[in-house]
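The data block below is entry12.csv; it holds CSV, C-alpha atoms and all ligand atoms.
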```
chain,number,residue,atom,x,y,z
F,6,MET,CA,-8.5,20.9,3.7
F,7,LEU,CA,-10.0,20.5,0.2
F,8,GLU,CA,-13.4,21.2,1.6
F,9,ILE,CA,-14.9,18.3,-0.3
F,10,GLY,CA,-18.4,17.3,0.7
F,11,PRO,CA,-21.9,16.4,-0.5
F,12,GLY,CA,-22.4,17.0,-4.2
F,13,ASP,CA,-18.6,16.8,-5.0
F,14,THR,CA,-17.0,14.0,-7.0
F,15,VAL,CA,-13.5,12.6,-6.5
F,16,LEU,CA,-11.9,10.5,-9.2
F,17,VAL,CA,-10.3,7.3,-7.9
F,18,PRO,CA,-8.6,4.3,-9.5
F,19,THR,CA,-10.4,1.0,-10.2
F,20,TYR,CA,-7.4,-0.7,-8.6
F,21,HIS,CA,-7.7,0.3,-4.9
F,22,CYS,CA,-8.0,-0.8,-1.3
F,23,PRO,CA,-11.0,0.4,0.7
F,24,THR,CA,-8.9,2.8,2.7
F,25,MET,CA,-8.4,4.9,-0.4
F,26,ILE,CA,-12.2,5.3,-1.0
F,27,ALA,CA,-13.7,5.4,2.5
F,28,PRO,CA,-12.5,8.9,3.4
F,29,ILE,CA,-14.3,10.3,0.3
F,30,VAL,CA,-17.5,8.5,1.2
F,31,SER,CA,-17.3,9.5,4.8
F,32,ARG,CA,-17.2,13.2,3.6
F,33,GLY,CA,-20.5,12.6,1.8
F,34,ALA,CA,-18.8,13.0,-1.6
F,35,GLN,CA,-19.0,10.5,-4.5
F,36,PRO,CA,-16.1,8.4,-5.7
F,37,VAL,CA,-16.1,7.9,-9.4
F,38,PHE,CA,-13.8,5.2,-10.6
F,39,TYR,CA,-11.4,5.8,-13.5
F,40,PRO,CA,-9.7,3.1,-15.6
F,41,LEU,CA,-5.9,2.5,-15.5
F,42,ASP,CA,-3.7,1.8,-18.4
F,43,SER,CA,-1.2,-1.1,-18.3
F,44,THR,CA,1.4,1.1,-16.5
F,45,GLY,CA,-1.1,2.1,-13.7
F,46,ALA,CA,-1.6,5.6,-15.1
F,47,PRO,CA,-5.1,7.2,-15.1
F,48,ASN,CA,-6.7,7.1,-18.5
F,49,LEU,CA,-7.2,10.8,-19.0
F,50,GLU,CA,-8.9,10.3,-22.4
F,51,TRP,CA,-11.7,8.4,-20.7
F,52,ILE,CA,-11.9,11.0,-17.9
F,53,ASN,CA,-12.2,13.8,-20.5
F,54,GLN,CA,-15.2,12.1,-22.0
F,55,ASP,CA,-17.7,13.9,-19.9
F,56,LYS,CA,-16.5,12.6,-16.5
F,57,THR,CA,-15.3,16.0,-15.2
F,58,GLN,CA,-18.6,17.5,-14.0
F,59,GLY,CA,-18.5,18.2,-10.3
F,60,VAL,CA,-15.0,16.7,-10.0
F,61,ARG,CA,-13.1,18.5,-7.3
F,62,ALA,CA,-10.1,16.2,-7.0
F,63,ILE,CA,-8.4,13.1,-8.4
F,64,LEU,CA,-6.5,10.6,-6.4
F,65,VAL,CA,-3.5,9.0,-8.1
F,66,ALA,CA,-1.3,6.4,-6.4
F,67,HIS,CA,2.3,5.3,-6.9
F,68,PHE,CA,1.3,1.6,-6.8
F,69,PHE,CA,3.7,-0.9,-5.2
F,70,GLY,CA,6.2,2.0,-4.5
F,71,LEU,CA,7.1,2.3,-8.2
F,72,PRO,CA,6.9,6.0,-9.0
F,73,GLN,CA,4.1,6.9,-11.4
F,74,PRO,CA,5.0,9.6,-13.9
F,75,LEU,CA,2.7,12.5,-13.1
F,76,THR,CA,3.6,15.3,-15.5
F,77,ALA,CA,0.6,14.7,-17.7
F,78,VAL,CA,-1.8,14.3,-14.7
F,79,ARG,CA,-0.5,17.5,-13.1
F,80,GLN,CA,-1.0,19.4,-16.4
F,81,TRP,CA,-4.5,18.0,-16.7
F,82,CYS,CA,-5.4,19.0,-13.1
F,83,ASP,CA,-4.1,22.6,-13.7
F,84,GLN,CA,-6.1,22.9,-16.9
F,85,GLN,CA,-9.3,21.6,-15.3
F,86,GLY,CA,-9.0,23.2,-11.9
F,87,VAL,CA,-9.1,19.8,-10.3
F,88,ARG,CA,-7.0,19.1,-7.1
F,89,LEU,CA,-4.5,16.3,-7.2
F,90,ILE,CA,-4.2,14.0,-4.2
F,91,GLU,CA,-1.0,12.1,-4.6
F,92,ASP,CA,-1.2,8.8,-2.7
F,93,CYS,CA,2.3,7.9,-1.6
F,94,ALA,CA,1.2,5.2,0.8
F,95,HIS,CA,3.3,2.7,-1.1
F,96,ALA,CA,6.0,5.2,-1.9
F,97,LEU,CA,7.8,6.8,1.0
F,98,PHE,CA,11.0,7.3,-1.0
F,99,GLY,CA,11.7,8.0,-4.6
F,100,THR,CA,11.4,10.4,-7.5
F,101,SER,CA,8.9,10.6,-10.3
F,102,ASP,CA,9.8,12.5,-13.5
F,103,ASP,CA,12.7,14.0,-11.6
F,104,ARG,CA,10.6,15.4,-8.8
F,105,ALA,CA,10.5,13.8,-5.3
F,106,VAL,CA,7.3,11.8,-4.8
F,107,GLY,CA,4.9,13.7,-2.6
F,108,TYR,CA,5.6,17.0,-4.4
F,109,TRP,CA,3.3,16.5,-7.4
F,110,GLY,CA,0.0,16.6,-5.6
F,111,ASP,CA,-1.8,19.6,-4.1
F,112,LEU,CA,-1.9,17.3,-1.2
F,113,ALA,CA,0.1,14.2,-0.7
F,114,ILE,CA,-0.3,11.4,1.9
F,115,ALA,CA,2.1,8.7,2.9
F,116,SER,CA,2.0,5.9,5.4
F,117,LEU,CA,4.8,5.4,7.9
F,118,THR,CA,3.9,1.9,9.0
F,119,LYS,CA,4.5,0.4,5.5
F,120,PHE,CA,8.3,1.3,5.6
F,121,LEU,CA,9.3,2.1,9.1
F,122,PRO,CA,9.1,-0.1,12.2
F,123,VAL,CA,6.3,1.9,13.8
F,124,PRO,CA,2.8,0.8,14.7
F,125,GLU,CA,1.0,4.0,13.5
F,126,GLY,CA,1.4,7.2,11.6
F,127,GLY,CA,1.1,8.9,8.3
F,128,CYS,CA,2.3,12.0,6.5
F,129,LEU,CA,0.2,14.8,5.0
F,130,LEU,CA,2.0,17.2,2.7
F,131,ASN,CA,0.4,20.5,1.7
F,132,ASN,CA,2.1,21.7,-1.5
F,133,THR,CA,-0.2,24.4,-2.9
F,134,LEU,CA,-3.2,25.0,-0.7
F,135,LEU,CA,-3.7,28.0,1.4
F,136,ALA,CA,-5.8,26.0,3.8
F,137,PRO,CA,-4.2,25.4,7.2
F,138,PHE,CA,-3.5,21.8,8.4
F,139,PRO,CA,-6.2,20.4,10.6
F,140,GLU,CA,-5.5,20.7,14.3
F,141,LEU,CA,-4.1,17.5,15.8
F,142,HIS,CA,-4.8,16.3,19.4
F,143,GLN,CA,-1.8,15.2,21.5
F,144,PRO,CA,-2.0,11.5,22.1
F,145,LYS,CA,-2.9,10.6,25.7
F,146,PRO,CA,-0.1,9.2,28.0
F,147,LYS,CA,-1.7,5.7,27.7
F,148,SER,CA,-1.3,5.9,23.9
F,149,GLN,CA,2.3,7.0,24.2
F,150,VAL,CA,3.1,4.0,26.4
F,151,LYS,CA,1.2,1.6,24.2
F,152,ALA,CA,3.1,2.8,21.1
F,153,GLY,CA,6.4,2.2,22.8
F,154,PHE,CA,5.2,-1.2,24.0
F,155,ASP,CA,4.0,-2.1,20.5
F,156,ILE,CA,7.3,-1.2,18.9
F,157,LEU,CA,9.2,-3.3,21.4
F,158,HIS,CA,6.8,-6.2,21.1
F,159,ALA,CA,7.0,-6.2,17.3
F,160,GLY,CA,10.8,-6.1,17.4
F,161,ILE,CA,11.0,-9.0,19.9
F,162,ASN,CA,8.4,-11.0,18.0
F,163,HIS,CA,10.7,-10.8,15.0
F,164,GLY,CA,13.8,-11.9,16.9
F,165,ARG,CA,15.3,-8.5,17.5
F,166,LEU,CA,16.7,-6.7,20.5
F,167,ASN,CA,19.0,-9.5,21.6
F,168,GLY,CA,19.4,-9.6,25.5
F,169,LEU,CA,16.5,-7.3,26.1
F,170,GLY,CA,14.5,-9.5,23.8
F,171,THR,CA,15.1,-12.6,26.0
F,172,LEU,CA,14.1,-10.8,29.1
F,173,MET,CA,11.0,-9.2,27.6
F,174,ARG,CA,10.0,-12.5,25.8
F,175,SER,CA,9.9,-14.3,29.2
F,176,LEU,CA,7.8,-11.4,30.6
F,177,PHE,CA,5.4,-11.6,27.6
F,178,GLY,CA,5.3,-15.3,28.0
F,179,VAL,CA,4.3,-15.0,31.7
F,180,LEU,CA,1.7,-12.3,30.9
F,181,SER,CA,0.5,-14.1,27.8
F,182,LEU,CA,-0.8,-10.8,26.6
F,183,PHE,CA,-0.3,-11.1,22.9
F,184,LYS,CA,-0.3,-13.6,20.2
F,185,LYS,CA,2.4,-13.6,17.5
F,186,LYS,CA,0.8,-11.9,14.5
F,187,PRO,CA,1.6,-13.0,10.9
F,188,LEU,CA,3.3,-10.4,8.7
F,189,HIS,CA,0.0,-9.7,6.9
F,190,GLN,CA,-3.3,-10.0,8.6
F,191,PRO,CA,-6.1,-11.6,6.7
F,192,PRO,CA,-9.2,-9.4,6.2
F,193,PRO,CA,-11.5,-9.5,9.2
F,194,THR,CA,-14.1,-12.0,7.7
F,195,GLU,CA,-14.9,-13.3,4.3
F,196,SER,CA,-18.3,-11.6,4.3
F,197,SER,CA,-17.3,-8.1,5.6
F,198,SER,CA,-17.8,-5.6,2.9
F,199,PRO,CA,-15.5,-2.6,2.0
F,200,ALA,CA,-18.6,-0.3,2.1
F,201,GLY,CA,-18.8,-1.1,5.8
F,202,PHE,CA,-15.2,0.2,6.2
F,203,THR,CA,-15.3,3.2,8.5
F,204,ILE,CA,-12.9,5.9,9.3
F,205,ASP,CA,-11.9,6.6,12.9
F,206,VAL,CA,-12.0,10.4,12.7
F,207,ALA,CA,-10.7,10.9,16.2
F,208,GLN,CA,-7.7,8.7,15.4
F,209,SER,CA,-7.0,10.4,12.1
F,210,HIS,CA,-6.7,13.8,14.0
F,211,GLN,CA,-4.3,12.4,16.6
F,212,GLY,CA,-0.7,13.5,16.5
F,213,LEU,CA,2.1,11.0,16.3
F,214,THR,CA,3.3,9.5,19.6
F,215,TYR,CA,6.8,10.3,20.8
F,216,PRO,CA,8.1,6.7,20.5
F,217,SER,CA,6.8,6.4,16.9
F,218,ARG,CA,8.2,9.9,16.0
F,219,TRP,CA,11.6,8.9,17.4
F,220,ILE,CA,11.7,5.6,15.5
F,221,ALA,CA,10.5,7.3,12.3
F,222,ASN,CA,13.3,9.9,12.6
F,223,HIS,CA,16.0,7.4,13.5
F,224,ALA,CA,15.3,4.2,11.5
F,225,PRO,CA,18.1,3.7,9.0
F,226,ARG,CA,16.5,4.8,5.8
F,227,GLU,CA,19.3,4.0,3.4
F,228,ARG,CA,19.4,0.4,4.6
F,229,ILE,CA,15.6,0.1,4.1
F,230,VAL,CA,15.8,1.5,0.6
F,231,LEU,CA,18.7,-0.7,-0.4
F,232,ARG,CA,17.5,-3.9,1.1
F,233,ARG,CA,14.0,-3.5,-0.4
F,234,ARG,CA,15.5,-2.9,-3.8
F,235,ALA,CA,17.8,-5.9,-3.5
F,236,ASN,CA,14.9,-8.2,-2.4
F,237,TYR,CA,12.7,-6.9,-5.3
F,238,LEU,CA,15.5,-7.8,-7.8
F,239,VAL,CA,15.9,-11.3,-6.3
F,240,LEU,CA,12.2,-11.9,-6.7
F,241,ALA,CA,12.2,-10.4,-10.2
F,242,GLN,CA,14.9,-12.6,-11.4
F,243,ALA,CA,13.6,-15.8,-9.8
F,244,LEU,CA,10.0,-15.3,-11.0
F,245,SER,CA,10.8,-14.3,-14.6
F,246,GLY,CA,10.5,-16.6,-17.5
F,247,LEU,CA,8.1,-19.1,-15.8
F,248,ARG,CA,4.9,-20.4,-17.2
F,249,GLY,CA,1.7,-19.2,-15.3
F,250,MET,CA,3.1,-16.0,-13.8
F,251,HIS,CA,5.3,-13.0,-14.6
F,252,PRO,CA,6.6,-10.0,-12.7
F,253,LEU,CA,4.4,-7.0,-13.5
F,254,ARG,CA,7.5,-4.7,-13.5
F,255,PRO,CA,10.7,-6.7,-13.8
F,256,ASP,CA,12.6,-3.5,-14.4
F,257,LEU,CA,12.9,-1.7,-11.0
F,258,PRO,CA,13.0,2.1,-11.6
F,259,ALA,CA,16.3,3.6,-10.4
F,260,LYS,CA,15.1,6.0,-7.7
F,261,CYS,CA,12.5,4.3,-5.6
F,262,ALA,CA,12.0,1.9,-2.7
F,263,PRO,CA,9.4,-0.7,-3.5
F,264,TYR,CA,6.7,-1.4,-1.0
F,265,VAL,CA,5.8,-4.8,-2.5
F,266,PHE,CA,6.7,-6.9,-5.5
F,267,PRO,CA,3.7,-7.1,-7.9
F,268,LEU,CA,3.5,-10.6,-9.4
F,269,TRP,CA,0.9,-11.4,-12.2
F,270,VAL,CA,-0.4,-14.9,-11.8
F,271,ASP,CA,-2.6,-16.4,-14.6
F,272,HIS,CA,-4.8,-18.5,-12.3
F,273,PRO,CA,-4.3,-17.1,-8.8
F,274,ASP,CA,-7.1,-19.2,-7.2
F,275,PRO,CA,-7.5,-21.3,-5.2
F,276,GLY,CA,-3.8,-21.0,-4.5
F,277,TYR,CA,-4.1,-17.5,-3.1
F,278,GLY,CA,-6.5,-18.6,-0.3
F,279,GLU,CA,-4.0,-21.4,0.5
F,280,LEU,CA,-1.1,-18.9,0.7
F,281,ARG,CA,-3.1,-16.7,3.1
F,282,ARG,CA,-3.9,-19.7,5.3
F,283,MET,CA,-0.1,-20.4,5.4
F,284,ALA,CA,0.5,-16.8,6.5
F,285,PHE,CA,2.6,-16.4,3.4
F,286,PRO,CA,3.5,-12.7,3.1
F,287,VAL,CA,1.2,-11.8,0.3
F,288,SER,CA,-1.9,-9.7,-0.3
F,289,ARG,CA,-4.3,-9.0,-3.1
F,290,TRP,CA,-6.6,-6.0,-3.6
F,291,ASP,CA,-9.7,-8.1,-4.4
F,292,TRP,CA,-11.9,-6.3,-1.9
F,293,LEU,CA,-13.5,-3.9,-4.4
F,294,TRP,CA,-15.7,-1.0,-3.5
F,295,PRO,CA,-19.3,-2.0,-4.5
F,296,THR,CA,-19.8,0.8,-7.0
F,297,VAL,CA,-16.8,-0.2,-9.2
F,298,SER,CA,-17.8,-1.2,-12.6
F,299,LYS,CA,-16.2,-2.7,-15.7
F,300,LEU,CA,-14.6,0.0,-17.8
F,301,PRO,CA,-13.1,-0.1,-21.3
F,302,ASN,CA,-9.4,-0.9,-21.6
F,303,ASP,CA,-9.0,-1.0,-17.8
F,304,SER,CA,-6.1,-2.9,-16.3
F,305,GLY,CA,-7.2,-2.1,-12.7
F,306,ILE,CA,-10.0,-4.7,-12.3
F,307,GLN,CA,-7.7,-7.3,-13.9
F,308,TRP,CA,-4.9,-6.4,-11.4
F,309,SER,CA,-7.4,-6.8,-8.5
F,310,HIS,CA,-7.7,-10.5,-9.5
F,311,HIS,CA,-4.3,-11.4,-11.0
F,312,ILE,CA,-1.8,-9.3,-9.1
F,313,LEU,CA,-0.3,-10.7,-5.9
F,314,GLN,CA,1.5,-8.2,-3.8
F,315,LEU,CA,4.5,-10.0,-2.4
F,316,ALA,CA,6.5,-8.7,0.6
F,317,CYS,CA,10.0,-7.4,-0.2
F,318,HIS,CA,10.5,-6.2,3.3
F,319,GLN,CA,14.1,-5.1,4.2
F,320,ASP,CA,14.4,-7.8,6.9
F,321,LEU,CA,13.5,-10.8,4.8
F,322,THR,CA,16.4,-13.2,4.9
F,323,PRO,CA,17.8,-14.9,1.7
F,324,ALA,CA,16.4,-18.2,3.1
F,325,GLU,CA,13.0,-16.7,3.5
F,326,LEU,CA,13.1,-15.3,0.0
F,327,GLU,CA,14.1,-18.7,-1.3
F,328,GLU,CA,11.2,-20.3,0.5
F,329,MET,CA,8.8,-17.8,-0.9
F,330,ILE,CA,10.1,-18.4,-4.4
F,331,SER,CA,9.9,-22.2,-4.2
F,332,THR,CA,6.4,-22.0,-2.6
F,333,LEU,CA,5.1,-19.8,-5.5
F,334,LYS,CA,6.7,-22.1,-8.1
F,335,ARG,CA,5.1,-25.2,-6.5
F,336,MET,CA,1.8,-23.4,-6.3
F,337,TYR,CA,1.6,-21.8,-9.7
F,338,VAL,CA,4.0,-23.2,-12.3
F,339,PRO,CA,1.9,-25.7,-14.3
F,340,LYS,CA,3.4,-29.2,-14.1
F,341,ALA,CA,4.7,-30.5,-17.4
F,342,VAL,CA,2.2,-32.7,-19.1
F,343,GLU,CA,3.7,-36.1,-19.7
F,344,SER,CA,3.6,-37.2,-23.2
F,345,PHE,CA,3.1,-40.9,-24.1
F,346,ALA,CA,3.3,-40.3,-27.8
F,401,LIG,C1,-2.5,3.0,-1.8
F,401,LIG,C2,-2.9,3.2,-0.4
F,401,LIG,N1,-3.4,4.4,0.0
F,401,LIG,C3,-3.7,4.7,1.3
F,401,LIG,C4,-3.6,3.7,2.2
F,401,LIG,C5,-4.0,4.1,3.7
F,401,LIG,O1,-2.8,4.1,4.4
F,401,LIG,P1,-2.8,3.9,6.0
F,401,LIG,O2,-3.2,2.4,6.2
F,401,LIG,O3,-1.5,4.2,6.5
F,401,LIG,O4,-3.9,4.8,6.6
F,401,LIG,C6,-3.2,2.4,1.9
F,401,LIG,C7,-3.1,1.4,3.0
F,401,LIG,O5,-3.0,0.2,2.7
F,401,LIG,C8,-2.8,2.2,0.6
F,401,LIG,O6,-2.4,1.0,0.2
```

Written form, structure tokens:
Amino acid sequence: MLEIGPGDTVLVPTYHCPTMIAPIVSRGAQPVFYPLDSTGAPNLEWINQDKTQGVRAILVAHFFGLPQPLTAVRQWCDQQGVRLIEDCAHALFGTSDDRAVGYWGDLAIASLTKFLPVPEGGCLLNNTLLAPFPELHQPKPKSQVKAGFDILHAGINHGRLNGLGTLMRSLFGVLSLFKKKPLHQPPPTESSSPAGFTIDVAQSHQGLTYPSRWIANHAPRERIVLRRRANYLVLAQALSGLRGMHPLRPDLPAKCAPYVFPLWVDHPDPGYGELRRMAFPVSRWDWLWPTVSKLPNDSGIQWSHHILQLACHQDLTPAELEEMISTLKRMYVPKAVESFA
């Protein structure tokens, strides 16, 4: 829709996952990484120092689901004639500077799977462009059935759907079709590179299946927002004031639903690898695009190493949260050094 292609440049944050960069590269355009300040805002001063030539767009994200103030970025984009792509993948709900997230960008994207119990789907908002939306293909009947099946399977795997669950569980047991998946999948292999990350163009032009659309429209949104906020605050309180780690944002902004809880850990390794092996619900964006470089006063690269993104999912139980907290303390709070003085 932005007609970005070879010869164009798109500004992207140094703190990123490959899915934010691969679409730009797949269009033949060049991603140029910009530094972030300690609040996750783009450093516009750095960008103004001669980084604007050939720039068609800037991608700015509401990291962790905590709304990023965008007034200054919007003004800058308007002055420079640069398109703003607002990345709401982490922020399906919320307001930023009194405007709903998703309404700052010329285009905004969001991700249904991160907040709603659906196996697929995204949102694309066109706020200012005259360009029409790309045409979407209707999913094949097989995809419709699979989506419904995946939704049921995920629910049953997580102990939902009561009586139906028991029946289906025995059926799944007999068929042995699927294995229980951990909440967060580890990256495919240690050696795979983000540059090898490809975009499935056919999939990205496929409309949402009926089962996913139905669930997306009927899932109880208020409960999702309230429970995620409550879980975030439990983690913020329990993980504050400790040696070796601190919450990146202990103050949860009023109008938002967090996607994850960002925890700064002084020495995240080798503990992080161990957490992943335990299927602990955590991820880290340490899979950097190869062309990222060190930039002055940049928090992004530091975050890639030090920030653990902890689940604050609406269906985590108090016992599960408690277990997460005690595991993190055991793993990261330095043991007191005994003194024999
Ligand atoms: C900030 C950000 N932007 C974009 C995406 C892509 O979203 P999706 O996986 O729904 O395509 C992700 C996915 O992890 C993300 O974290």

Check: So which residues are near ligand LIG 401 (chain F), meaning at most 7 Å away with all atoms listed in the file counted, given back as a PyMOL selection string?
Finding: chain F and resi 21-22+24-25+66+68+92-95+115-118+126-127

Next item on the list: Using only C-alpha atoms, pick whichever of F:Thr322, F:Leu16, F:Pro28, F:Gly99 has the shortest atom-to-atom distance to F:Asn53.
Entry: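 For F:Asn53, the nearest of the candidates is F:Leu16.
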
Note to self: Could you check the closest approach to F:Trp290 for each of F:Ser217, F:Thr19, F:Gln85, F:Gln149 and tell me which residue wins, using only C-alpha atoms?
What the structure shows: F:Thr19

Margin query: Which residue is closest to F:Gln35? Choose from F:Val297, F:Cys128, F:Val239, F:Ile312 and count all atoms listed in the file.
Written below: F:Val297

Item checked: Point-to-point distance from atom CA of F:Leu71 to atom CA of F:Val265, Å rounded to tenths -> 9.2 Å

Using the incomplete input, complete stretch 32-59 of chain F to the level of N, CA and C atoms; output as a compact mmCIF listing (two decimals), in the coordinates of the input.
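The result, written out as result-v8.txt:
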```
# COMPACT_ATOMS: atom_id res chain seq x y z
N ARG F 32 -16.97 11.73 3.78
CA ARG F 32 -17.20 13.20 3.60
C ARG F 32 -18.53 13.47 2.93
N GLY F 33 -19.22 12.43 2.51
CA GLY F 33 -20.50 12.60 1.80
C GLY F 33 -20.30 12.87 0.32
N ALA F 34 -19.07 12.75 -0.18
CA ALA F 34 -18.80 13.00 -1.60
C ALA F 34 -18.91 11.64 -2.36
N GLN F 35 -18.86 11.74 -3.69
CA GLN F 35 -19.00 10.50 -4.50
C GLN F 35 -17.72 10.11 -5.15
N PRO F 36 -17.28 8.87 -4.92
CA PRO F 36 -16.10 8.40 -5.70
C PRO F 36 -16.52 7.95 -7.05
N VAL F 37 -15.82 8.41 -8.07
CA VAL F 37 -16.10 7.90 -9.40
C VAL F 37 -14.80 7.21 -9.89
N PHE F 38 -14.95 5.97 -10.31
CA PHE F 38 -13.80 5.20 -10.60
C PHE F 38 -13.30 5.39 -12.05
N TYR F 39 -11.99 5.59 -12.20
CA TYR F 39 -11.40 5.80 -13.50
C TYR F 39 -10.56 4.56 -13.91
N PRO F 40 -10.46 4.24 -15.22
CA PRO F 40 -9.70 3.10 -15.60
C PRO F 40 -8.16 3.43 -15.64
N LEU F 41 -7.37 2.39 -15.49
CA LEU F 41 -5.90 2.50 -15.50
C LEU F 41 -5.36 1.87 -16.75
N ASP F 42 -4.30 2.46 -17.32
CA ASP F 42 -3.70 1.80 -18.40
C ASP F 42 -2.70 0.70 -17.85
N SER F 43 -1.99 0.03 -18.74
CA SER F 43 -1.20 -1.10 -18.30
C SER F 43 0.00 -0.70 -17.42
N THR F 44 0.27 0.61 -17.35
CA THR F 44 1.40 1.10 -16.50
C THR F 44 0.84 1.58 -15.14
N GLY F 45 -0.48 1.55 -14.96
CA GLY F 45 -1.10 2.10 -13.70
C GLY F 45 -1.38 3.54 -13.78
N ALA F 46 -1.27 4.14 -14.98
CA ALA F 46 -1.60 5.60 -15.10
C ALA F 46 -3.08 5.76 -15.36
N PRO F 47 -3.64 6.88 -14.87
CA PRO F 47 -5.10 7.20 -15.10
C PRO F 47 -5.29 7.39 -16.62
N ASN F 48 -6.40 6.86 -17.14
CA ASN F 48 -6.70 7.10 -18.50
C ASN F 48 -7.43 8.42 -18.67
N LEU F 49 -6.63 9.45 -18.97
CA LEU F 49 -7.20 10.80 -19.00
C LEU F 49 -8.16 11.01 -20.15
N GLU F 50 -7.95 10.23 -21.23
CA GLU F 50 -8.90 10.30 -22.40
C GLU F 50 -10.29 9.94 -21.93
N TRP F 51 -10.36 8.84 -21.19
CA TRP F 51 -11.70 8.40 -20.70
C TRP F 51 -12.27 9.41 -19.75
N ILE F 52 -11.42 9.97 -18.89
CA ILE F 52 -11.90 11.00 -17.90
C ILE F 52 -12.46 12.19 -18.66
N ASN F 53 -11.77 12.58 -19.73
CA ASN F 53 -12.20 13.80 -20.50
C ASN F 53 -13.54 13.59 -21.16
N GLN F 54 -13.94 12.32 -21.37
CA GLN F 54 -15.20 12.10 -22.00
C GLN F 54 -16.34 12.33 -21.01
N ASP F 55 -16.52 13.58 -20.65
CA ASP F 55 -17.70 13.90 -19.90
C ASP F 55 -17.68 13.41 -18.42
N LYS F 56 -16.50 13.13 -17.88
CA LYS F 56 -16.50 12.60 -16.50
C LYS F 56 -16.00 13.73 -15.54
N THR F 57 -15.98 14.97 -16.02
CA THR F 57 -15.30 16.00 -15.20
C THR F 57 -16.30 16.88 -14.44
N GLN F 58 -17.61 16.67 -14.68
CA GLN F 58 -18.60 17.50 -14.00
C GLN F 58 -18.61 17.28 -12.49
N GLY F 59 -18.49 18.33 -11.74
CA GLY F 59 -18.50 18.20 -10.30
C GLY F 59 -17.28 17.59 -9.68
```
